[in-house]
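> Dropping in target-v2.cif, with mmCIF, C-alpha atoms.
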```
data_query
loop_
_atom_site.group_PDB
_atom_site.id
_atom_site.type_symbol
_atom_site.label_atom_id
_atom_site.label_comp_id
_atom_site.auth_asym_id
_atom_site.auth_seq_id
_atom_site.Cartn_x
_atom_site.Cartn_y
_atom_site.Cartn_z
ATOM 1 C CA MET A 4 51.571 283.517 14.754
ATOM 2 C CA ALA A 5 48.011 284.440 13.665
ATOM 3 C CA ASP A 6 45.970 282.065 11.515
ATOM 4 C CA GLU A 7 46.046 284.612 8.706
ATOM 5 C CA GLU A 8 49.846 284.537 8.627
ATOM 6 C CA TRP A 9 49.892 280.738 8.430
ATOM 7 C CA THR A 10 47.370 280.940 5.581
ATOM 8 C CA ARG A 11 49.627 283.365 3.713
ATOM 9 C CA ARG A 12 52.413 280.829 4.115
ATOM 10 C CA GLY A 13 50.283 278.216 2.386
ATOM 11 C CA ILE A 14 49.169 276.344 5.533
ATOM 12 C CA ASP A 15 45.611 274.969 5.502
ATOM 13 C CA VAL A 16 44.261 276.044 8.887
ATOM 14 C CA ASN A 17 40.781 274.655 8.182
ATOM 15 C CA THR A 18 41.737 270.985 7.827
ATOM 16 C CA PRO A 19 42.586 269.238 11.117
ATOM 17 C CA SER A 20 46.177 268.085 11.337
ATOM 18 C CA VAL A 21 47.159 264.895 13.159
ATOM 19 C CA ALA A 22 50.188 266.654 14.679
ATOM 20 C CA ARG A 23 48.097 269.564 15.945
ATOM 21 C CA LEU A 24 45.383 267.257 17.296
ATOM 22 C CA TYR A 25 48.046 265.458 19.324
ATOM 23 C CA ASP A 26 49.381 268.807 20.497
ATOM 24 C CA TYR A 27 45.883 269.725 21.694
ATOM 25 C CA TYR A 28 45.484 266.436 23.591
ATOM 26 C CA LEU A 29 48.772 267.188 25.357
ATOM 27 C CA GLY A 30 47.592 270.667 26.336
ATOM 28 C CA GLY A 31 49.698 272.516 23.758
ATOM 29 C CA LYS A 32 48.847 275.781 22.053
ATOM 30 C CA ASP A 33 50.112 275.082 18.512
ATOM 31 C CA ASN A 34 46.711 274.261 17.038
ATOM 32 C CA PHE A 35 43.858 275.942 15.190
ATOM 33 C CA ALA A 36 40.091 276.091 15.703
ATOM 34 C CA SER A 37 39.580 273.237 13.233
ATOM 35 C CA ASP A 38 41.926 271.025 15.272
ATOM 36 C CA ARG A 39 40.258 271.904 18.567
ATOM 37 C CA ALA A 40 36.778 271.213 17.210
ATOM 38 C CA ALA A 41 37.822 267.822 15.820
ATOM 39 C CA ALA A 42 39.616 266.894 19.038
ATOM 40 C CA GLU A 43 36.603 267.776 21.151
ATOM 41 C CA GLU A 44 34.414 265.496 19.022
ATOM 42 C CA ILE A 45 36.690 262.597 19.920
ATOM 43 C CA LEU A 46 37.039 263.609 23.576
ATOM 44 C CA ALA A 47 33.256 263.715 23.921
ATOM 45 C CA VAL A 48 33.090 259.921 23.516
ATOM 46 C CA ALA A 49 36.631 259.038 24.610
ATOM 47 C CA PRO A 50 37.860 261.480 27.267
ATOM 48 C CA GLU A 51 40.703 259.073 28.049
ATOM 49 C CA VAL A 52 42.411 260.181 24.810
ATOM 50 C CA ARG A 53 44.103 263.016 26.727
ATOM 51 C CA ALA A 54 45.574 260.572 29.223
ATOM 52 C CA ALA A 55 46.478 258.193 26.398
ATOM 53 C CA ALA A 56 48.459 260.950 24.686
ATOM 54 C CA ARG A 57 50.374 261.563 27.918
ATOM 55 C CA GLU A 58 50.955 257.830 28.312
ATOM 56 C CA ASN A 59 52.295 257.683 24.770
ATOM 57 C CA ARG A 60 54.694 260.524 25.504
ATOM 58 C CA ALA A 61 55.776 258.804 28.710
ATOM 59 C CA PHE A 62 56.422 255.559 26.807
ATOM 60 C CA LEU A 63 58.625 257.465 24.362
ATOM 61 C CA GLY A 64 60.676 258.805 27.248
ATOM 62 C CA ARG A 65 61.063 255.388 28.887
ATOM 63 C CA ALA A 66 62.051 253.774 25.598
ATOM 64 C CA VAL A 67 64.667 256.435 24.830
ATOM 65 C CA ARG A 68 66.142 256.162 28.338
ATOM 66 C CA PHE A 69 66.209 252.376 27.985
ATOM 67 C CA LEU A 70 68.023 252.543 24.648
ATOM 68 C CA ALA A 71 70.481 255.183 25.812
ATOM 69 C CA GLY A 72 71.241 252.893 28.732
ATOM 70 C CA GLN A 73 71.888 250.094 26.212
ATOM 71 C CA GLY A 74 74.509 252.220 24.466
ATOM 72 C CA ILE A 75 72.414 253.641 21.613
ATOM 73 C CA ARG A 76 73.655 257.094 20.644
ATOM 74 C CA GLN A 77 71.759 257.709 17.393
ATOM 75 C CA PHE A 78 68.018 258.289 17.093
ATOM 76 C CA LEU A 79 65.916 258.707 13.935
ATOM 77 C CA ASP A 80 62.498 260.022 14.991
ATOM 78 C CA ILE A 81 60.062 259.855 12.066
ATOM 79 C CA GLY A 82 56.745 261.648 12.407
ATOM 80 C CA THR A 83 58.085 263.514 15.394
ATOM 81 C CA GLY A 84 55.166 265.904 15.837
ATOM 82 C CA LEU A 85 55.237 269.321 17.444
ATOM 83 C CA PRO A 86 57.922 269.915 20.085
ATOM 84 C CA THR A 87 56.776 269.524 23.666
ATOM 85 C CA GLN A 88 58.283 268.573 27.009
ATOM 86 C CA GLY A 89 60.565 265.556 27.011
ATOM 87 C CA ASN A 90 61.736 265.689 23.409
ATOM 88 C CA VAL A 91 63.914 262.789 22.276
ATOM 89 C CA HIS A 92 67.193 264.723 22.308
ATOM 90 C CA GLU A 93 66.485 266.051 25.805
ATOM 91 C CA VAL A 94 65.704 262.613 27.211
ATOM 92 C CA ALA A 95 68.629 260.901 25.481
ATOM 93 C CA ARG A 96 71.113 263.466 26.754
ATOM 94 C CA GLU A 97 70.115 262.804 30.353
ATOM 95 C CA THR A 98 71.910 259.477 29.961
ATOM 96 C CA ALA A 99 74.183 260.122 26.984
ATOM 97 C CA PRO A 100 75.128 263.773 26.330
ATOM 98 C CA ASP A 101 76.767 262.803 23.015
ATOM 99 C CA SER A 102 73.532 261.468 21.496
ATOM 100 C CA ARG A 103 72.648 262.535 17.956
ATOM 101 C CA VAL A 104 69.020 262.910 16.903
ATOM 102 C CA ALA A 105 67.376 263.420 13.517
ATOM 103 C CA TYR A 106 63.751 264.553 13.566
ATOM 104 C CA VAL A 107 61.682 263.929 10.430
ATOM 105 C CA ASP A 108 58.170 265.165 9.665
ATOM 106 C CA ASN A 109 56.092 266.185 6.656
ATOM 107 C CA ASP A 110 54.020 268.858 8.430
ATOM 108 C CA PRO A 111 55.364 272.360 7.642
ATOM 109 C CA ILE A 112 54.177 273.735 10.983
ATOM 110 C CA VAL A 113 56.040 270.981 12.830
ATOM 111 C CA LEU A 114 59.196 271.780 10.863
ATOM 112 C CA THR A 115 58.881 275.508 11.544
ATOM 113 C CA HIS A 116 58.440 275.093 15.295
ATOM 114 C CA ALA A 117 61.065 272.384 15.655
ATOM 115 C CA ARG A 118 63.688 274.355 13.753
ATOM 116 C CA ALA A 119 62.991 277.439 15.869
ATOM 117 C CA LEU A 120 63.434 275.386 19.039
ATOM 118 C CA LEU A 121 66.648 273.757 17.880
ATOM 119 C CA GLN A 122 68.327 276.536 15.926
ATOM 120 C CA GLU A 123 71.242 276.706 18.376
ATOM 121 C CA ASP A 124 71.675 272.939 18.597
ATOM 122 C CA ARG A 125 72.343 271.816 15.041
ATOM 123 C CA HIS A 126 75.565 269.921 15.688
ATOM 124 C CA GLN A 127 73.796 267.063 17.472
ATOM 125 C CA VAL A 128 70.171 267.584 16.422
ATOM 126 C CA ILE A 129 68.654 268.174 12.982
ATOM 127 C CA VAL A 130 65.114 268.649 11.692
ATOM 128 C CA THR A 131 64.394 267.643 8.123
ATOM 129 C CA PRO A 132 61.324 267.090 5.930
ATOM 130 C CA GLY A 133 60.376 263.551 5.017
ATOM 131 C CA ASP A 134 57.367 261.312 4.482
ATOM 132 C CA LEU A 135 57.184 257.908 6.153
ATOM 133 C CA ARG A 136 55.266 256.583 3.152
ATOM 134 C CA THR A 137 58.509 256.882 1.147
ATOM 135 C CA PRO A 138 61.147 255.612 3.590
ATOM 136 C CA GLU A 139 63.756 255.375 0.852
ATOM 137 C CA GLY A 140 63.690 259.151 0.542
ATOM 138 C CA ILE A 141 64.277 259.546 4.270
ATOM 139 C CA LEU A 142 67.171 257.102 4.276
ATOM 140 C CA LYS A 143 68.793 258.771 1.250
ATOM 141 C CA SER A 144 68.359 262.305 2.590
ATOM 142 C CA PRO A 145 71.774 264.024 2.465
ATOM 143 C CA GLU A 146 71.049 265.701 5.796
ATOM 144 C CA ILE A 147 70.342 262.400 7.505
ATOM 145 C CA GLN A 148 73.254 260.663 5.796
ATOM 146 C CA ASP A 149 75.571 263.406 7.043
ATOM 147 C CA HIS A 150 74.129 263.398 10.555
ATOM 148 C CA LEU A 151 73.780 259.682 11.337
ATOM 149 C CA ASP A 152 76.333 256.923 10.824
ATOM 150 C CA PHE A 153 74.451 253.900 9.495
ATOM 151 C CA SER A 154 77.442 251.657 10.110
ATOM 152 C CA ARG A 155 76.640 252.008 13.826
ATOM 153 C CA PRO A 156 73.375 251.136 15.625
ATOM 154 C CA VAL A 157 70.466 253.524 15.155
ATOM 155 C CA ALA A 158 67.146 253.604 16.987
ATOM 156 C CA VAL A 159 64.222 254.291 14.648
ATOM 157 C CA LEU A 160 61.265 255.810 16.480
ATOM 158 C CA LEU A 161 57.815 255.324 14.960
ATOM 159 C CA VAL A 162 55.769 256.596 17.877
ATOM 160 C CA ALA A 163 52.044 257.053 17.207
ATOM 161 C CA VAL A 164 52.639 257.488 13.484
ATOM 162 C CA MET A 165 52.127 254.091 11.813
ATOM 163 C CA HIS A 166 48.381 254.256 12.462
ATOM 164 C CA PHE A 167 48.302 257.057 9.880
ATOM 165 C CA ILE A 168 49.690 254.700 7.245
ATOM 166 C CA THR A 169 47.019 253.018 5.136
ATOM 167 C CA GLU A 170 47.155 249.460 3.867
ATOM 168 C CA ALA A 171 47.563 250.899 0.371
ATOM 169 C CA ASP A 172 50.862 252.405 1.529
ATOM 170 C CA ASP A 173 51.980 248.923 2.726
ATOM 171 C CA PRO A 174 53.073 249.456 6.354
ATOM 172 C CA ARG A 175 55.036 246.192 6.439
ATOM 173 C CA ARG A 176 57.118 247.273 3.456
ATOM 174 C CA ILE A 177 57.817 250.621 5.117
ATOM 175 C CA VAL A 178 59.115 249.065 8.323
ATOM 176 C CA ALA A 179 61.045 246.387 6.419
ATOM 177 C CA THR A 180 62.755 249.066 4.295
ATOM 178 C CA LEU A 181 63.886 250.888 7.420
ATOM 179 C CA ARG A 182 64.942 247.646 9.110
ATOM 180 C CA ASP A 183 67.018 246.469 6.167
ATOM 181 C CA ALA A 184 68.952 249.764 6.136
ATOM 182 C CA LEU A 185 69.959 249.380 9.791
ATOM 183 C CA PRO A 186 73.015 247.555 11.111
ATOM 184 C CA SER A 187 72.866 244.812 13.728
ATOM 185 C CA GLY A 188 72.174 246.171 17.200
ATOM 186 C CA SER A 189 69.758 248.832 15.939
ATOM 187 C CA HIS A 190 66.304 249.168 17.450
ATOM 188 C CA LEU A 191 62.716 249.897 16.469
ATOM 189 C CA VAL A 192 60.489 251.794 18.913
ATOM 190 C CA LEU A 193 56.848 251.653 17.877
ATOM 191 C CA SER A 194 53.483 252.610 19.338
ATOM 192 C CA HIS A 195 50.270 252.111 17.421
ATOM 193 C CA GLY A 196 46.567 252.688 18.043
ATOM 194 C CA THR A 197 44.562 249.489 18.118
ATOM 195 C CA SER A 198 41.033 248.416 17.297
ATOM 196 C CA ASP A 199 41.125 245.875 20.135
ATOM 197 C CA SER A 200 39.584 248.253 22.680
ATOM 198 C CA ARG A 201 36.800 250.849 23.101
ATOM 199 C CA VAL A 202 34.515 250.374 20.109
ATOM 200 C CA GLU A 203 32.854 253.800 20.517
ATOM 201 C CA ALA A 204 36.229 255.554 20.609
ATOM 202 C CA VAL A 205 37.412 253.594 17.574
ATOM 203 C CA ASP A 206 34.335 254.497 15.546
ATOM 204 C CA LYS A 207 34.398 258.194 16.430
ATOM 205 C CA GLY A 208 38.178 258.478 16.069
ATOM 206 C CA THR A 209 38.303 256.937 12.607
ATOM 207 C CA SER A 210 35.330 259.062 11.531
ATOM 208 C CA VAL A 211 36.880 262.352 12.675
ATOM 209 C CA TYR A 212 40.320 261.575 11.255
ATOM 210 C CA LYS A 213 38.784 261.028 7.820
ATOM 211 C CA ARG A 214 38.466 264.813 7.757
ATOM 212 C CA ALA A 215 42.060 265.343 8.877
ATOM 213 C CA ASN A 216 45.215 265.457 6.777
ATOM 214 C CA SER A 217 45.745 261.719 7.387
ATOM 215 C CA PRO A 218 43.197 258.960 8.061
ATOM 216 C CA LEU A 219 43.393 256.869 11.222
ATOM 217 C CA VAL A 220 44.017 253.163 10.558
ATOM 218 C CA LEU A 221 43.779 251.137 13.748
ATOM 219 C CA ARG A 222 45.156 247.597 13.735
ATOM 220 C CA THR A 223 44.913 244.477 15.884
ATOM 221 C CA ARG A 224 47.578 243.345 18.324
ATOM 222 C CA GLN A 225 48.599 240.628 15.883
ATOM 223 C CA GLU A 226 48.968 243.102 13.011
ATOM 224 C CA ILE A 227 51.019 245.464 15.178
ATOM 225 C CA THR A 228 53.245 242.618 16.378
ATOM 226 C CA GLU A 229 53.882 241.646 12.751
ATOM 227 C CA LEU A 230 55.447 245.076 12.160
ATOM 228 C CA PHE A 231 58.315 243.889 14.393
ATOM 229 C CA ASP A 232 59.184 241.110 11.951
ATOM 230 C CA GLY A 233 62.983 240.760 11.868
ATOM 231 C CA PHE A 234 63.414 242.329 15.317
ATOM 232 C CA ASP A 235 63.783 240.590 18.671
ATOM 233 C CA LEU A 236 61.205 242.091 21.009
ATOM 234 C CA ALA A 237 62.478 243.387 24.325
ATOM 235 C CA GLU A 238 60.506 242.362 27.392
ATOM 236 C CA PRO A 239 57.612 242.669 27.986
ATOM 237 C CA GLY A 240 56.838 242.453 24.248
ATOM 238 C CA VAL A 241 53.903 244.223 22.606
ATOM 239 C CA VAL A 242 51.766 245.603 25.431
ATOM 240 C CA TRP A 243 49.536 248.530 26.350
ATOM 241 C CA LEU A 244 51.464 251.782 26.869
ATOM 242 C CA PRO A 245 51.462 251.824 30.686
ATOM 243 C CA GLU A 246 52.597 248.189 30.792
ATOM 244 C CA TRP A 247 55.922 248.823 29.022
ATOM 245 C CA ARG A 248 58.547 249.041 31.792
ATOM 246 C CA PRO A 249 56.501 251.462 33.944
ATOM 247 C CA GLU A 250 58.365 253.888 36.191
ATOM 248 C CA GLU A 251 55.290 255.181 38.018
ATOM 249 C CA PRO A 252 51.568 254.361 38.251
ATOM 250 C CA GLY A 253 49.530 255.284 35.195
ATOM 251 C CA LEU A 254 46.368 253.764 33.769
ATOM 252 C CA HIS A 255 47.186 250.426 35.361
ATOM 253 C CA GLU A 256 43.680 249.754 36.661
ATOM 254 C CA ASP A 257 42.743 249.251 32.993
ATOM 255 C CA PRO A 258 45.773 249.519 30.681
ATOM 256 C CA SER A 259 43.585 249.111 27.606
ATOM 257 C CA ARG A 260 42.209 252.624 28.228
ATOM 258 C CA SER A 261 45.539 253.880 26.899
ATOM 259 C CA LEU A 262 44.150 252.815 23.476
ATOM 260 C CA ILE A 263 47.662 252.221 22.114
ATOM 261 C CA LEU A 264 49.952 249.180 22.006
ATOM 262 C CA CYS A 265 53.715 249.543 21.968
ATOM 263 C CA GLY A 266 57.004 247.701 21.935
ATOM 264 C CA VAL A 267 60.740 247.917 21.363
ATOM 265 C CA GLY A 268 62.629 245.504 19.132
ATOM 266 C CA ARG A 269 66.334 244.915 18.460
ATOM 267 C CA LYS A 270 67.753 243.903 15.091
ATOM 268 C CA PRO A 271 69.929 240.832 15.705
#
```
Using structure tokens, write down the structure from this file.

Amino acid sequence: MADEEWTRRGIDVNTPSVARLYDYYLGGKDNFASDRAAAEEILAVAPEVRAAARENRAFLGRAVRFLAGQGIRQFLDIGTGLPTQGNVHEVARETAPDSRVAYVDNDPIVLTHARALLQEDRHQVIVTPGDLRTPEGILKSPEIQDHLDFSRPVAVLLVAVMHFITEADDPRRIVATLRDALPSGSHLVLSHGTSDSRVEAVDKGTSVYKRANSPLVLRTRQEITELFDGFDLAEPGVVWLPEWRPEEPGLHEDPSRSLILCGVGRKP
């Protein structure tokens, strides 16, 4: 679809979008000139961001396979981003064909593309609008209530999205609200950019994202670990992306170059 058509639909093609930036890092084509220019500013000082995006996607796949192997059959993916290879429902079904997935995002382009991809698969997969800053609205969504059974374990996926939540939006309250709505045996999958590595990348990244549709708020390992309050962390705990149950070599010579910490927790 041409930029002009998106503009007619009310989409701001001149403001970089966090979802489209991520798509560009992954080599996707669902982005605009403003996204590409912003991404290249970051890549100029932190070329490892491309590899970090791939590592983040790989972590998502490993975590979903791990949870499906633990018997989880329901996945709530908030801030899902643009569809790409290895989507949650595809990975989950490799282990558990009966898995049900609800994708939630507040970006209209994400919703348009995801719905087009999944239009023939609505029995087990839905795509619905929602904003992580108001988790109560997501949990009360009639679509999600109809699709997921909250009397049975649910895996909530917050993959590379919490670092777009400001302190004013109270990230701990957001995660606690989601946690308290989940039954015992549910899981939280979280990855989060950190300020503990690569000062130049941190400075440039936060500067560029100030011009995007969401600011970038990087946190320390301790602050990220605190988001798992009320969950029992699965081994190996909160670690760099390539360190979480690796299946093949990645950025292991220096895991911190993945720029993102991650973990999986279980609600007891």
> Check which residues satisfy the PyMOL selection byres ((chain A and resi 35) around 9) in the file shown, then give them as a PyMOL selection string.
chain A and resi 6+16-17+19+23+32-34+36-40
> I'd like to know which of A:Val91, A:Val104, A:Asp232, A:Glu226 is closest to Ala66 (chain A), using all atoms listed in the file.
A:Val91
> Of the residues A:Ser187, A:Ser194, A:Thr169, A:Asn109, which is the one nearest to Ile227 (chain A), using only C-alpha atoms?
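Going through A:Ser187, A:Ser194, A:Thr169, A:Asn109 one by one, the smallest distance to Ile227 (chain A) is for A:Ser194.
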> Show me, as number ranges by chain, the residues that have an atom within 12 Å of Lys143 (chain A) when counting all atoms listed in the file, minus same-chain residues fewer than 6 positions from it.
A: 133, 137, 149-151, 153, 180-181, 184
> When the PyMOL selection byres ((chain A and resi 243) around 10) is applied to the structure above, which residues does it catch, written out as a PyMOL selection string?
chain A and resi 58-59+62+194-197+224+240-242+244-247+254-255+257-266
> Going by the chain IDs and residue numbers used in this file, which residues fall under the PyMOL selection byres ((chain A and resi 164) around 10)? Write them as a ChimeraX atom specification.
/A:21-22,81-84,135,160-163,165-168,193-196,219
> Quick one: distance from CA of His190 (chain A) to CA of Ala119 (chain A) in Å, one decimal?
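Between CA of His190 (chain A) and CA of Ala119 (chain A) the gap is 28.5 Å.
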> Counting all atoms listed in the file, which of A:Arg136, A:His126, A:Lys207, A:Arg201 gets nearest to Arg175 (chain A)?
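Looking at the shortest contact to Arg175 (chain A), the residue is A:Arg136.
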> Taking into account only C-alpha atoms, which residue in the set A:Arg214, A:Arg248, A:Arg65, A:Arg182 is nearest to Leu230 (chain A)?
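Among A:Arg214, A:Arg248, A:Arg65, A:Arg182, it is A:Arg182 that comes nearest to Leu230 (chain A).
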> Just give me the gap between CA of Ser189 (chain A) and CA of Gln225 (chain A) in Å, one decimal is fine.
22.7 Å
> When you draw a straight line from CA of Leu236 (chain A) to CA of Asp173 (chain A), how long is it in Å?
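CA of Asp173 (chain A) lies at a distance of 21.6 Å from CA of Leu236 (chain A).
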> Pick out the closest residue to Glu250 (chain A) from this set: A:Arg68, A:Arg53, A:Arg269, A:Arg222. Count only C-alpha atoms.
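With only C-alpha atoms as the atom set, the closest residue is A:Arg68.
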> Could you name the residues that touch Ala158 (chain A) at 8 Å or less, counting only C-alpha atoms, but leaving out those on the same chain fewer than 2 positions away, as a PyMOL selection string?
chain A and resi 70+75+77-79+156+160+189-192
> Which residues come within 12 Å of Pro50 (chain A), counting all atoms listed in the file, excluding same-chain residues fewer than 4 positions away, as a PyMOL selection string?
chain A and resi 28+42-46+54-56+201+203-204+207-208+260-262
> Counting all atoms listed in the file, what is within 12 Å of Leu121 (chain A), bar same-chain residues fewer than 4 positions away, as a ChimeraX atom specification?
/A:86,90,92-93,104-106,114-117,125-131
> Restricting the calculation to all atoms listed in the file, which member of A:Thr87, A:Ser200, A:Ser210, A:Gln73 is positioned closest to Arg60 (chain A)?
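Answer, going by the shortest atom-to-atom distance: A:Thr87.
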